[in-house]
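Undergrad: Below you'll find final_38.cif; it's mmCIF, C-alpha atoms.
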data_input
#
loop_
_atom_site.label_atom_id
_atom_site.label_comp_id
_atom_site.auth_asym_id
_atom_site.auth_seq_id
_atom_site.Cartn_x
_atom_site.Cartn_y
_atom_site.Cartn_z
CA MET A 139 0.00 0.00 0.00
CA GLY A 140 1.48 3.34 -1.01
CA PHE A 141 1.15 6.63 0.80
CA GLU A 142 2.01 10.12 -0.33
CA ALA A 143 4.84 11.91 1.48
CA GLY A 144 4.67 15.54 2.48
CA SER A 145 6.01 18.01 -0.10
CA SER A 146 9.54 19.35 0.41
CA SER A 147 12.17 20.67 -1.94
CA ASN A 148 15.21 19.86 0.21
CA ALA A 149 14.43 16.86 2.39
CA LEU A 150 12.31 13.74 2.46
CA LYS A 151 9.71 13.49 5.18
CA ALA A 152 8.11 10.43 6.70
CA PRO A 153 4.82 9.34 5.09
CA SER A 154 1.75 10.87 6.69
CA PRO A 155 -0.55 8.47 8.55
CA PRO A 156 -3.37 7.05 6.41
CA ARG A 157 -6.81 8.58 6.76
CA GLU A 158 -10.31 7.49 5.75
CA ASP A 159 -9.76 9.01 2.31
CA THR A 160 -6.33 7.41 1.79
CA PRO A 161 -6.53 5.14 -1.30
CA LEU A 162 -5.72 1.48 -0.76
CA LEU A 163 -3.77 1.49 -4.02
CA GLY A 164 -0.65 3.50 -4.68
CA HIS A 165 -0.18 6.04 -7.46
CA SER A 166 3.10 4.80 -8.98
CA PRO A 167 3.12 5.15 -12.80
CA GLN A 168 2.79 1.96 -14.78
CA ALA A 169 2.22 0.84 -18.34
CA LEU A 170 -1.45 0.61 -19.26
CA SER A 171 -2.93 -2.74 -20.30
CA SER A 172 -3.98 -3.77 -23.78
CA GLN A 173 -7.34 -5.43 -24.41
CA ALA A 174 -5.74 -8.88 -24.37
CA LYS A 175 -3.96 -8.20 -21.09
CA THR A 176 -7.16 -6.82 -19.57
CA PHE A 177 -8.97 -10.00 -20.64
CA ALA A 178 -6.29 -12.05 -18.87
CA ASN A 179 -6.40 -9.84 -15.77
CA VAL A 180 -10.18 -10.13 -15.46
CA PHE A 181 -9.92 -13.89 -15.93
CA ILE A 182 -7.31 -14.16 -13.17
CA ALA A 183 -9.34 -11.90 -10.86
CA ILE A 184 -12.52 -13.97 -11.26
CA VAL A 185 -11.47 -17.61 -11.57
CA GLY A 186 -10.46 -19.29 -8.32
CA ALA A 187 -10.97 -22.33 -6.15
CA GLY A 188 -14.75 -22.01 -6.41
CA VAL A 189 -14.67 -23.83 -9.74
CA LEU A 190 -13.72 -27.03 -7.89
CA GLY A 191 -17.11 -27.09 -6.16
CA LEU A 192 -19.20 -26.56 -9.29
CA PRO A 193 -19.68 -30.24 -10.28
CA TYR A 194 -21.06 -31.00 -6.80
CA SER A 195 -23.35 -27.97 -7.10
CA PHE A 196 -24.59 -29.38 -10.42
CA LYS A 197 -25.33 -32.64 -8.63
CA ARG A 198 -27.29 -30.87 -5.89
CA THR A 199 -29.31 -28.46 -8.02
CA GLY A 200 -29.52 -30.20 -11.40
CA TRP A 201 -27.46 -29.34 -14.45
CA VAL A 202 -30.12 -27.29 -16.26
CA MET A 203 -30.85 -25.10 -13.23
CA ASN A 204 -27.16 -24.64 -12.50
CA LEU A 205 -26.35 -23.60 -16.05
CA LEU A 206 -29.09 -20.97 -15.83
CA MET A 207 -27.67 -19.78 -12.50
CA ILE A 208 -24.14 -19.49 -13.85
CA PHE A 209 -25.09 -17.42 -16.90
CA SER A 210 -27.49 -15.27 -14.87
CA VAL A 211 -24.88 -14.56 -12.21
CA ALA A 212 -22.28 -13.81 -14.91
CA ALA A 213 -24.59 -11.26 -16.56
CA LEU A 214 -25.57 -9.67 -13.25
CA THR A 215 -21.95 -9.49 -12.07
CA HIS A 216 -20.91 -7.80 -15.32
CA TYR A 217 -23.73 -5.28 -14.99
CA CYS A 218 -22.86 -4.43 -11.38
CA MET A 219 -19.16 -4.10 -12.16
CA MET A 220 -20.00 -1.64 -14.90
CA LEU A 221 -22.21 0.30 -12.48
CA LEU A 222 -19.11 0.90 -10.37
CA VAL A 223 -17.18 2.06 -13.43
CA TYR A 224 -19.94 4.44 -14.54
CA THR A 225 -20.26 5.82 -11.01
CA ARG A 226 -16.54 6.50 -10.77
CA ARG A 227 -16.45 8.16 -14.20
CA LYS A 228 -19.36 10.40 -13.25
CA LEU A 229 -17.75 11.53 -10.00
CA GLU A 230 -14.34 12.17 -11.52
CA SER A 231 -15.59 13.98 -14.64
CA SER A 232 -18.41 16.20 -13.40
CA ASN A 233 -17.97 16.61 -9.65
CA GLY A 234 -14.26 17.34 -9.49
CA PHE A 235 -13.31 14.46 -7.21
CA SER A 236 -9.69 13.31 -7.15
CA LYS A 237 -8.59 9.92 -8.42
CA ILE A 238 -10.87 7.14 -7.15
CA ALA A 239 -8.63 4.08 -7.25
CA SER A 240 -10.59 1.34 -5.50
CA PHE A 241 -13.98 0.10 -4.32
CA GLY A 242 -13.25 1.47 -0.84
CA ASP A 243 -12.37 4.90 -2.27
CA LEU A 244 -15.67 4.93 -4.16
CA GLY A 245 -17.57 3.97 -1.01
CA PHE A 246 -15.95 6.85 0.89
CA THR A 247 -16.65 9.33 -1.91
CA VAL A 248 -20.33 8.36 -2.18
CA CYS A 249 -21.26 7.58 1.42
CA GLY A 250 -18.39 8.94 3.53
CA PRO A 251 -16.72 6.90 6.28
CA THR A 252 -19.76 4.62 6.50
CA GLY A 253 -19.37 3.60 2.86
CA ARG A 254 -15.67 2.95 3.32
CA PHE A 255 -16.40 0.90 6.46
CA LEU A 256 -19.01 -1.27 4.72
CA VAL A 257 -16.71 -2.00 1.80
CA ASP A 258 -13.78 -2.72 4.12
CA ILE A 259 -15.78 -5.16 6.23
CA LEU A 260 -17.14 -7.02 3.21
CA ILE A 261 -13.71 -7.22 1.56
CA ILE A 262 -12.22 -8.58 4.78
CA LEU A 263 -14.96 -11.20 5.05
CA SER A 264 -14.80 -12.17 1.37
CA GLN A 265 -11.01 -12.40 1.15
CA ALA A 266 -10.78 -14.25 4.46
CA GLY A 267 -13.59 -16.52 3.25
CA PHE A 268 -11.64 -17.35 0.10
CA CYS A 269 -8.60 -18.19 2.23
CA VAL A 270 -10.72 -20.40 4.49
CA GLY A 271 -11.93 -22.22 1.39
CA TYR A 272 -8.33 -22.72 0.30
CA LEU A 273 -7.40 -24.18 3.69
CA ILE A 274 -10.41 -26.49 3.69
CA PHE A 275 -9.45 -27.76 0.25
CA ILE A 276 -5.80 -28.26 1.23
CA GLY A 277 -6.67 -30.00 4.50
CA ASN A 278 -9.34 -32.27 3.06
CA THR A 279 -7.17 -33.20 0.11
CA LEU A 280 -4.08 -34.00 2.15
CA VAL A 281 -5.90 -36.18 4.69
CA ASP A 282 -8.18 -37.71 2.03
CA VAL A 283 -11.39 -36.60 3.76
CA GLU A 284 -14.35 -37.15 1.45
CA PRO A 285 -17.51 -35.86 3.10
CA CYS A 286 -20.63 -36.32 1.08
CA CYS A 287 -24.12 -35.29 1.95
CA GLU A 288 -27.15 -35.70 -0.24
CA GLY A 289 -29.45 -32.70 -0.47
CA LEU A 290 -33.19 -32.56 -1.07
CA TRP A 291 -34.51 -30.77 -4.13
CA GLY A 292 -36.33 -27.60 -3.19
CA VAL A 293 -35.86 -23.95 -2.18
CA SER A 294 -32.82 -24.68 -0.02
CA VAL A 295 -31.07 -26.38 -2.94
CA PHE A 296 -31.74 -23.37 -5.19
CA PHE A 297 -30.12 -20.96 -2.73
CA TYR A 298 -27.27 -23.42 -2.23
CA GLY A 299 -26.49 -23.48 -5.94
CA MET A 300 -26.89 -19.72 -6.24
CA GLY A 301 -24.43 -19.17 -3.39
CA VAL A 302 -21.79 -21.35 -5.06
CA ALA A 303 -22.32 -19.56 -8.40
CA VAL A 304 -21.98 -16.10 -6.82
CA TYR A 305 -18.84 -17.19 -4.96
CA SER A 306 -17.32 -18.47 -8.19
CA PHE A 307 -17.83 -15.10 -9.93
CA GLU A 308 -16.74 -12.84 -7.09
CA GLY A 309 -14.35 -10.18 -8.37
CA VAL A 310 -16.40 -7.00 -8.35
CA GLY A 311 -13.85 -5.31 -6.11
CA MET A 312 -11.29 -5.49 -8.94
CA ALA A 313 -13.48 -3.68 -11.49
CA LEU A 314 -12.13 -0.18 -10.80
CA PRO A 315 -8.41 -1.09 -10.65
CA LEU A 316 -8.70 -3.15 -13.84
CA GLU A 317 -10.50 -0.34 -15.68
CA SER A 318 -7.87 2.15 -14.48
CA GLU A 319 -5.07 0.00 -15.86
CA MET A 320 -6.63 -0.39 -19.32
CA LYS A 321 -5.25 1.77 -22.12
CA ASP A 322 -8.50 2.04 -24.13
CA LYS A 323 -11.00 2.53 -21.30
CA ASP A 324 -13.96 2.97 -23.66
CA LYS A 325 -13.67 -0.72 -24.58
CA PHE A 326 -13.46 -1.99 -21.01
CA GLY A 327 -17.15 -2.92 -20.90
CA LYS A 328 -16.87 -4.97 -24.09
CA VAL A 329 -13.73 -6.77 -22.90
CA LEU A 330 -15.33 -7.42 -19.50
CA ALA A 331 -18.47 -8.84 -21.14
CA LEU A 332 -16.40 -11.10 -23.40
CA THR A 333 -14.35 -12.36 -20.45
CA MET A 334 -17.43 -13.03 -18.31
CA ALA A 335 -19.07 -14.93 -21.18
CA PHE A 336 -15.94 -17.04 -21.64
CA ILE A 337 -15.72 -17.78 -17.90
CA ALA A 338 -19.43 -18.68 -17.78
CA LEU A 339 -18.97 -21.13 -20.65
CA MET A 340 -15.91 -22.61 -18.96
CA TYR A 341 -17.68 -22.89 -15.60
CA GLY A 342 -20.76 -24.42 -17.21
CA GLY A 343 -18.71 -26.96 -19.14
CA PHE A 344 -16.52 -27.89 -16.17
CA GLY A 345 -19.46 -28.24 -13.81
CA ALA A 346 -21.67 -30.16 -16.23
CA PHE A 347 -19.00 -32.55 -17.53
CA GLY A 348 -17.67 -33.10 -14.02
CA TYR A 349 -21.14 -34.09 -12.89
CA PHE A 350 -21.82 -36.20 -15.99
CA ALA A 351 -18.56 -38.07 -15.44
CA PHE A 352 -19.24 -39.11 -11.84
CA GLY A 353 -23.03 -38.75 -11.49
CA GLU A 354 -24.39 -39.25 -7.99
CA ASP A 355 -20.89 -40.12 -6.76
CA THR A 356 -19.68 -36.54 -7.35
CA LYS A 357 -17.89 -35.25 -4.25
CA ASP A 358 -18.00 -31.74 -2.79
CA MET A 359 -14.48 -31.25 -4.21
CA ILE A 360 -14.20 -32.72 -7.69
CA THR A 361 -10.57 -33.68 -7.04
CA ALA A 362 -11.82 -36.26 -4.51
CA ASN A 363 -13.25 -38.22 -7.46
CA LEU A 364 -9.89 -38.56 -9.18
CA GLY A 365 -8.87 -41.64 -7.23
CA GLY A 366 -5.50 -42.43 -5.73
CA GLY A 367 -3.26 -43.01 -8.76
CA PHE A 368 0.11 -41.37 -9.30
CA VAL A 369 -1.17 -38.75 -11.77
CA SER A 370 -4.19 -37.95 -9.58
CA THR A 371 -1.94 -37.48 -6.57
CA LEU A 372 0.31 -35.12 -8.53
CA VAL A 373 -2.73 -33.07 -9.62
CA LYS A 374 -3.99 -32.82 -6.04
CA LEU A 375 -0.60 -31.89 -4.65
CA GLY A 376 -0.12 -29.33 -7.42
CA LEU A 377 -3.42 -27.66 -6.56
CA CYS A 378 -2.54 -27.69 -2.86
CA VAL A 379 0.85 -26.07 -3.48
CA ASN A 380 -0.74 -23.47 -5.77
CA LEU A 381 -3.41 -22.53 -3.23
CA PHE A 382 -0.87 -22.54 -0.39
CA PHE A 383 1.25 -19.90 -2.11
CA THR A 384 -1.82 -17.97 -3.29
CA LEU A 385 -3.20 -17.65 0.24
CA PRO A 386 -0.78 -14.84 1.34
CA ILE A 387 -1.75 -12.82 -1.74
CA MET A 388 -5.45 -13.25 -0.99
CA MET A 389 -4.86 -12.22 2.64
CA ASN A 390 -2.98 -9.06 1.70
CA PRO A 391 -6.10 -6.83 1.33
CA VAL A 392 -7.20 -8.05 4.77
CA TYR A 393 -3.82 -7.12 6.24
CA GLU A 394 -3.89 -3.67 4.65
CA ILE A 395 -7.39 -2.81 5.83
CA VAL A 396 -6.92 -4.11 9.39
CA GLU A 397 -3.52 -2.44 9.78
CA ARG A 398 -4.88 0.83 8.43
CA ARG A 399 -7.75 0.81 10.90
CA PHE A 400 -6.06 -0.59 13.99
CA TRP A 401 -2.31 -0.01 13.58
CA GLY A 402 -1.99 3.35 11.84
CA GLY A 403 -1.22 1.75 8.49
CA SER A 404 2.10 0.35 9.73
CA TYR A 405 3.28 -3.23 9.28
CA CYS A 406 2.31 -5.39 12.27
CA LEU A 407 3.58 -8.96 12.34
CA TRP A 408 1.63 -10.18 15.36
CA LEU A 409 -1.63 -8.79 13.93
CA ARG A 410 -1.04 -10.66 10.69
CA TRP A 411 -0.29 -13.84 12.60
CA LEU A 412 -3.52 -13.38 14.56
CA LEU A 413 -5.53 -13.02 11.36
CA VAL A 414 -3.98 -16.17 9.89
CA VAL A 415 -4.76 -18.09 13.10
CA LEU A 416 -8.38 -16.90 13.03
CA VAL A 417 -8.78 -17.94 9.40
CA SER A 418 -7.25 -21.34 10.18
CA LEU A 419 -9.58 -21.89 13.13
CA VAL A 420 -12.61 -21.14 10.95
CA ALA A 421 -11.32 -23.59 8.33
CA LEU A 422 -10.97 -26.29 10.99
CA SER A 423 -14.55 -25.75 12.17
CA VAL A 424 -16.12 -25.97 8.68
CA PRO A 425 -14.86 -29.19 7.03
CA ASN A 426 -17.22 -29.21 4.03
CA PHE A 427 -15.80 -27.28 1.09
CA ALA A 428 -18.90 -26.76 -1.06
CA ASP A 429 -21.14 -25.76 1.85
CA PHE A 430 -18.68 -23.07 2.87
CA LEU A 431 -18.53 -21.76 -0.71
CA SER A 432 -22.29 -21.33 -0.60
CA LEU A 433 -22.10 -19.53 2.76
CA VAL A 434 -19.48 -17.00 1.63
CA GLY A 435 -21.18 -16.51 -1.73
CA SER A 436 -24.56 -15.84 -0.13
CA GLY A 437 -23.54 -14.02 3.03
CA VAL A 438 -20.77 -11.79 1.70
CA CYS A 439 -20.42 -11.82 -2.07
CA CYS A 440 -24.10 -11.00 -2.69
CA ALA A 441 -23.77 -7.82 -0.62
CA LEU A 442 -20.43 -6.87 -2.16
CA GLY A 443 -21.47 -7.62 -5.72
CA PHE A 444 -25.22 -7.00 -5.94
CA VAL A 445 -26.13 -4.54 -3.16
CA LEU A 446 -23.39 -1.91 -2.90
CA PRO A 447 -22.83 -1.25 -6.65
CA PRO A 448 -26.47 -0.34 -7.42
CA LEU A 449 -26.66 1.58 -4.12
CA PHE A 450 -23.66 3.75 -5.03
CA HIS A 451 -24.94 4.15 -8.60
CA LEU A 452 -28.38 5.21 -7.37
CA LYS A 453 -26.96 7.83 -4.98
CA VAL A 454 -24.83 9.42 -7.70
CA PHE A 455 -27.28 9.20 -10.63
CA ARG A 456 -30.58 9.54 -8.74
CA SER A 457 -31.56 12.77 -10.51
CA GLU A 458 -30.70 11.49 -14.01
CA ILE A 459 -31.80 7.87 -14.43
CA GLY A 460 -35.59 8.23 -14.24
CA TRP A 461 -38.05 5.73 -12.80
CA LYS A 462 -36.76 2.87 -14.94
CA GLY A 463 -33.24 3.34 -13.61
CA TRP A 464 -34.54 3.61 -10.06
CA THR A 465 -36.56 0.44 -10.50
CA LEU A 466 -33.59 -1.48 -11.91
CA ASP A 467 -31.15 -0.36 -9.21
CA VAL A 468 -33.58 -0.94 -6.36
CA GLY A 469 -34.62 -4.29 -7.87
CA ILE A 470 -31.02 -5.50 -8.01
CA MET A 471 -30.44 -4.36 -4.42
CA LEU A 472 -33.53 -6.21 -3.22
CA LEU A 473 -32.50 -9.30 -5.17
CA GLY A 474 -29.07 -9.19 -3.58
CA ILE A 475 -30.57 -8.82 -0.10
CA VAL A 476 -33.03 -11.70 -0.61
CA LEU A 477 -30.37 -13.99 -2.06
CA GLY A 478 -27.93 -13.02 0.67
CA VAL A 479 -30.25 -13.51 3.64
CA SER A 480 -31.97 -16.64 2.35
CA GLY A 481 -28.79 -18.23 1.03
CA THR A 482 -26.94 -17.56 4.29
CA TRP A 483 -29.75 -19.16 6.29
CA TYR A 484 -29.88 -22.32 4.19
CA ALA A 485 -26.09 -22.57 4.01
CA LEU A 486 -25.85 -22.39 7.82
CA LEU A 487 -28.54 -25.06 8.13
CA GLU A 488 -26.58 -27.30 5.77
CA ILE A 489 -23.34 -26.75 7.70
CA PHE A 490 -24.71 -27.30 11.20
CA PHE A 491 -27.55 -29.71 10.38
CA PRO A 492 -26.42 -31.58 7.24
CA THR A 493 -28.98 -33.75 5.50
CA GLU A 494 -28.08 -37.40 5.14
#
If you convert what's in this file into structure tokens, what do you get?
TA:
Amino acid sequence: MGFEAGSSSNALKAPSPPREDTPLLGHSPQALSSQAKTFANVFIAIVGAGVLGLPYSFKRTGWVMNLLMIFSVAALTHYCMMLLVYTRRKLESSNGFSKIASFGDLGFTVCGPTGRFLVDILIILSQAGFCVGYLIFIGNTLVDVEPCCEGLWGVSVFFYGMGVAVYSFEGVGMALPLESEMKDKDKFGKVLALTMAFIALMYGGFGAFGYFAFGEDTKDMITANLGGGFVSTLVKLGLCVNLFFTLPIMMNPVYEIVERRFWGGSYCLWLRWLLVVLVSLVALSVPNFADFLSLVGSGVCCALGFVLPPLFHLKVFRSEIGWKGWTLDVGIMLLGIVLGVSGTWYALLEIFFPTE
């Protein structure tokens, strides 16, 4: 995290302490991204360990329903990411605001410290949730734990599948940095749409074919269906090593936010250790990978991806969008709230009272 030093012509001064309006991202110059590089960056920002739970979600919810969920969530995520981009452009072009570099900066600009606080909390929960999912996958894979619970078809299964789909597409917080880094910003929406469509097709194919291959024997982590051969073991160990070294990167936003709020923005080793221990304890208490994906997707990612973007957009454009725009923004917010509350409830029921 970069901070601006005080101005001086003769001497360097220590960086000033971060404030509520201090951007999470630095301002160092860098080469802007081409369309191809932006496509790759969006792909990397979206695709994660959630894909490993998709075949089991297809088993639980049915392949037709899950395909519809994946493409619907992809379209809605793209729309909400573009809402953030439009909101930032509006504020920077017409209202004279300084550079808005991140989701947290936008929250502060639109809603003040409360907006920054909401975004910070949700980013902490989402990033920590991803890391918990990584640890669950690593632990279950290494000890060859293969929990399997059969769900009943119904409302709970719908929200379960929706939670996994939302988790798999979480990346709305990267929309503003990715758009800032793109050279031809007018084409960002088209590149984003193309990337989301490609990811949706990949997710749909992976989930469907994974389920078709193993049927009712599909495990909550598809890697558990690979057996115990030499090649399968190498694949599992490779994924574990990859996630192990990815975990510190995923925890970095959590470190930055917590240190900024509780340690003056300075590096604090014991605080980072405490956060890692807390994440590990949560991972130990929730052994089922797919159920936890649904919980994080419903409880956190719905709010971060489907509630805050239309809320910020509505506050900035409320006098320009007309009743149709109001209806669309409010409708998306209500949808996000319903999916979040209902999905969280059913995911918690599945975790604490699993069906047999």
Undergrad: Given only C-alpha atoms, how would the per-residue table for range 279-396 of chain A near range 263-275 of chain A read, listing every residue at most 10 Å away with its closest atom pair and distance in Å to one decimal, sorted by chain and number, as a Markdown table?
TA:
| residue | atom | partner | partner_atom | distance |
| --- | --- | --- | --- | --- |
| A:Thr279 | CA | A:Phe275 | CA | 5.9 |
| A:Leu280 | CA | A:Phe275 | CA | 8.4 |
| A:Val283 | CA | A:Phe275 | CA | 9.7 |
| A:Tyr305 | CA | A:Phe268 | CA | 8.8 |
| A:Glu308 | CA | A:Ser264 | CA | 8.7 |
| A:Gly309 | CA | A:Ser264 | CA | 10.0 |
| A:Asp358 | CA | A:Phe275 | CA | 9.9 |
| A:Met359 | CA | A:Phe275 | CA | 7.6 |
| A:Thr361 | CA | A:Phe275 | CA | 9.5 |
| A:Lys374 | CA | A:Phe275 | CA | 9.7 |
| A:Leu377 | CA | A:Phe275 | CA | 9.1 |
| A:Cys378 | CA | A:Phe275 | CA | 7.6 |
| A:Asn380 | CA | A:Tyr272 | CA | 9.7 |
| A:Leu381 | CA | A:Tyr272 | CA | 6.1 |
| A:Phe382 | CA | A:Tyr272 | CA | 7.5 |
| A:Thr384 | CA | A:Cys269 | CA | 8.7 |
| A:Leu385 | CA | A:Cys269 | CA | 5.8 |
| A:Pro386 | CA | A:Cys269 | CA | 8.6 |
| A:Ile387 | CA | A:Cys269 | CA | 9.6 |
| A:Met388 | CA | A:Gln265 | CA | 6.0 |
| A:Met389 | CA | A:Gln265 | CA | 6.3 |
| A:Asn390 | CA | A:Gln265 | CA | 8.7 |
| A:Pro391 | CA | A:Gln265 | CA | 7.4 |
| A:Val392 | CA | A:Gln265 | CA | 6.8 |
Undergrad: Quick one: of A:Val185, A:Val479, A:Ala346, A:Val379, who's nearest to Thr333 in chain A, counting all atoms listed in the file?
TA: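 The shortest atom-to-atom distance to Thr333 in chain A comes from A:Val185.
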Undergrad: Pick out the closest residue to Gly437 in chain A from this set: A:Val304, A:Met340, A:Ile395, A:Leu332. Count only C-alpha atoms.
TA: A:Val304
Undergrad: Could you write out as a list in words the residues that the PyMOL selection byres ((chain A and resi 352) around 12) matches in the shown file?
TA: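 For this structure, the PyMOL selection byres ((chain A and resi 352) around 12) captures Pro193, Tyr194, Phe196, Lys197, Gly345, Ala346, Phe347, Gly348, Tyr349, Phe350, Ala351, Gly353, Glu354, Asp355, Thr356, Lys357, Asp358, Met359, Ile360, Thr361, Ala362, Asn363, Leu364 and Gly365 of chain A.
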Undergrad: Might you spell out which residues the PyMOL selection byres ((chain A and resi 318) around 10) would select in the displayed file, as a list in words?
TA: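 Those residues are Leu170, Ser171, Val223, Lys237, Ile238, Ala239, Ser240, Ala313, Leu314, Pro315, Leu316, Glu317, Glu319, Met320, Lys321, Asp322, Lys323 and Phe326 of chain A.
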Undergrad: Find, counting only C-alpha atoms, the residue in A:Val293, A:Asp243, A:Trp201, A:Phe368 that gets nearest to Gly343 in chain A.
TA: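 Closest to Gly343 in chain A, using only C-alpha atoms: A:Trp201.
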Undergrad: When you draw a straight line from CA of Asn278 in chain A to CA of Pro492 in chain A, how long is it in Å?
TA: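 A separation of 17.6 Å between them.
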Undergrad: Report, in Å with one decimal, the straight-line distance from CA of Ile489 in chain A to CA of Leu416 in chain A.
TA: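 Computing it gives 18.7 Å between the two atoms.
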Undergrad: Restricting the calculation to all atoms listed in the file, which member of A:Leu422, A:Leu413, A:Ala335, A:Leu375 is positioned closest to Val211 in chain A?
TA: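 Using all atoms listed in the file, the shortest distance to Val211 in chain A belongs to A:Ala335.
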Undergrad: Report the residues retrieved by the PyMOL selection byres ((chain A and resi 481) around 7) from the displayed file, expressed as a PyMOL selection string.
TA: chain A and resi 297-298+301+436+477-480+482-485
Undergrad: Please compute the CA of Leu487 in chain A-CA of Leu431 in chain A distance, one decimal, in Å.
TA: 13.8 Å
Undergrad: For a quick check of understanding, using only C-alpha atoms, which of A:Trp464, A:Ile459, A:Gly366, A:Ala441 has the smallest distance to Ile259 in chain A?
TA: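 For Ile259 in chain A, the nearest of the candidates is A:Ala441.
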Undergrad: Nearest to Ala183 in chain A: which of A:Ile470, A:Leu419, A:Met312, A:Met334 is it, counting all atoms listed in the file?
TA: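 Ranking A:Ile470, A:Leu419, A:Met312, A:Met334 by distance to Ala183 in chain A, first place goes to A:Met312.
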Undergrad: Would you pick out the contacts of Leu409 in chain A at 10 Å or less, using all atoms listed in the file, so that residues sharing its chain but fewer than 5 positions from it are not included, and give the list as a list of chain:residue names?
TA: A:Tyr393, A:Val396, A:Glu397, A:Phe400, A:Trp401, A:Val414, A:Val415
Undergrad: Generate a file of the selected residues that holds C-alpha atoms, formatted as a JSON list (two decimals), in the coordinates of the input.
TA:
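What follows is the written file result10.json:
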[["chain", "number", "residue", "atom", "x", "y", "z"],
["A", 393, "TYR", "CA", -3.82, -7.12, 6.24],
["A", 396, "VAL", "CA", -6.92, -4.11, 9.39],
["A", 397, "GLU", "CA", -3.52, -2.44, 9.78],
["A", 400, "PHE", "CA", -6.06, -0.59, 13.99],
["A", 401, "TRP", "CA", -2.31, -0.01, 13.58],
["A", 414, "VAL", "CA", -3.98, -16.17, 9.89],
["A", 415, "VAL", "CA", -4.76, -18.09, 13.10]]
Undergrad: If we count all atoms listed in the file and set the cut-off at 10 Å, which residues sit around Ala212 in chain A, ignoring sequence neighbours fewer than 4 positions away in its own chain? Please answer as a list in words.
TA: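 Neighbouring residues, sequence-local ones excluded: Leu206, Met207, Ile208, His216, Tyr217, Ala303, Val304, Ser306, Phe307, Glu308, Ala331, Thr333, Met334, Ala335, Phe336, Ile337, Ala338 and Leu339 of chain A.
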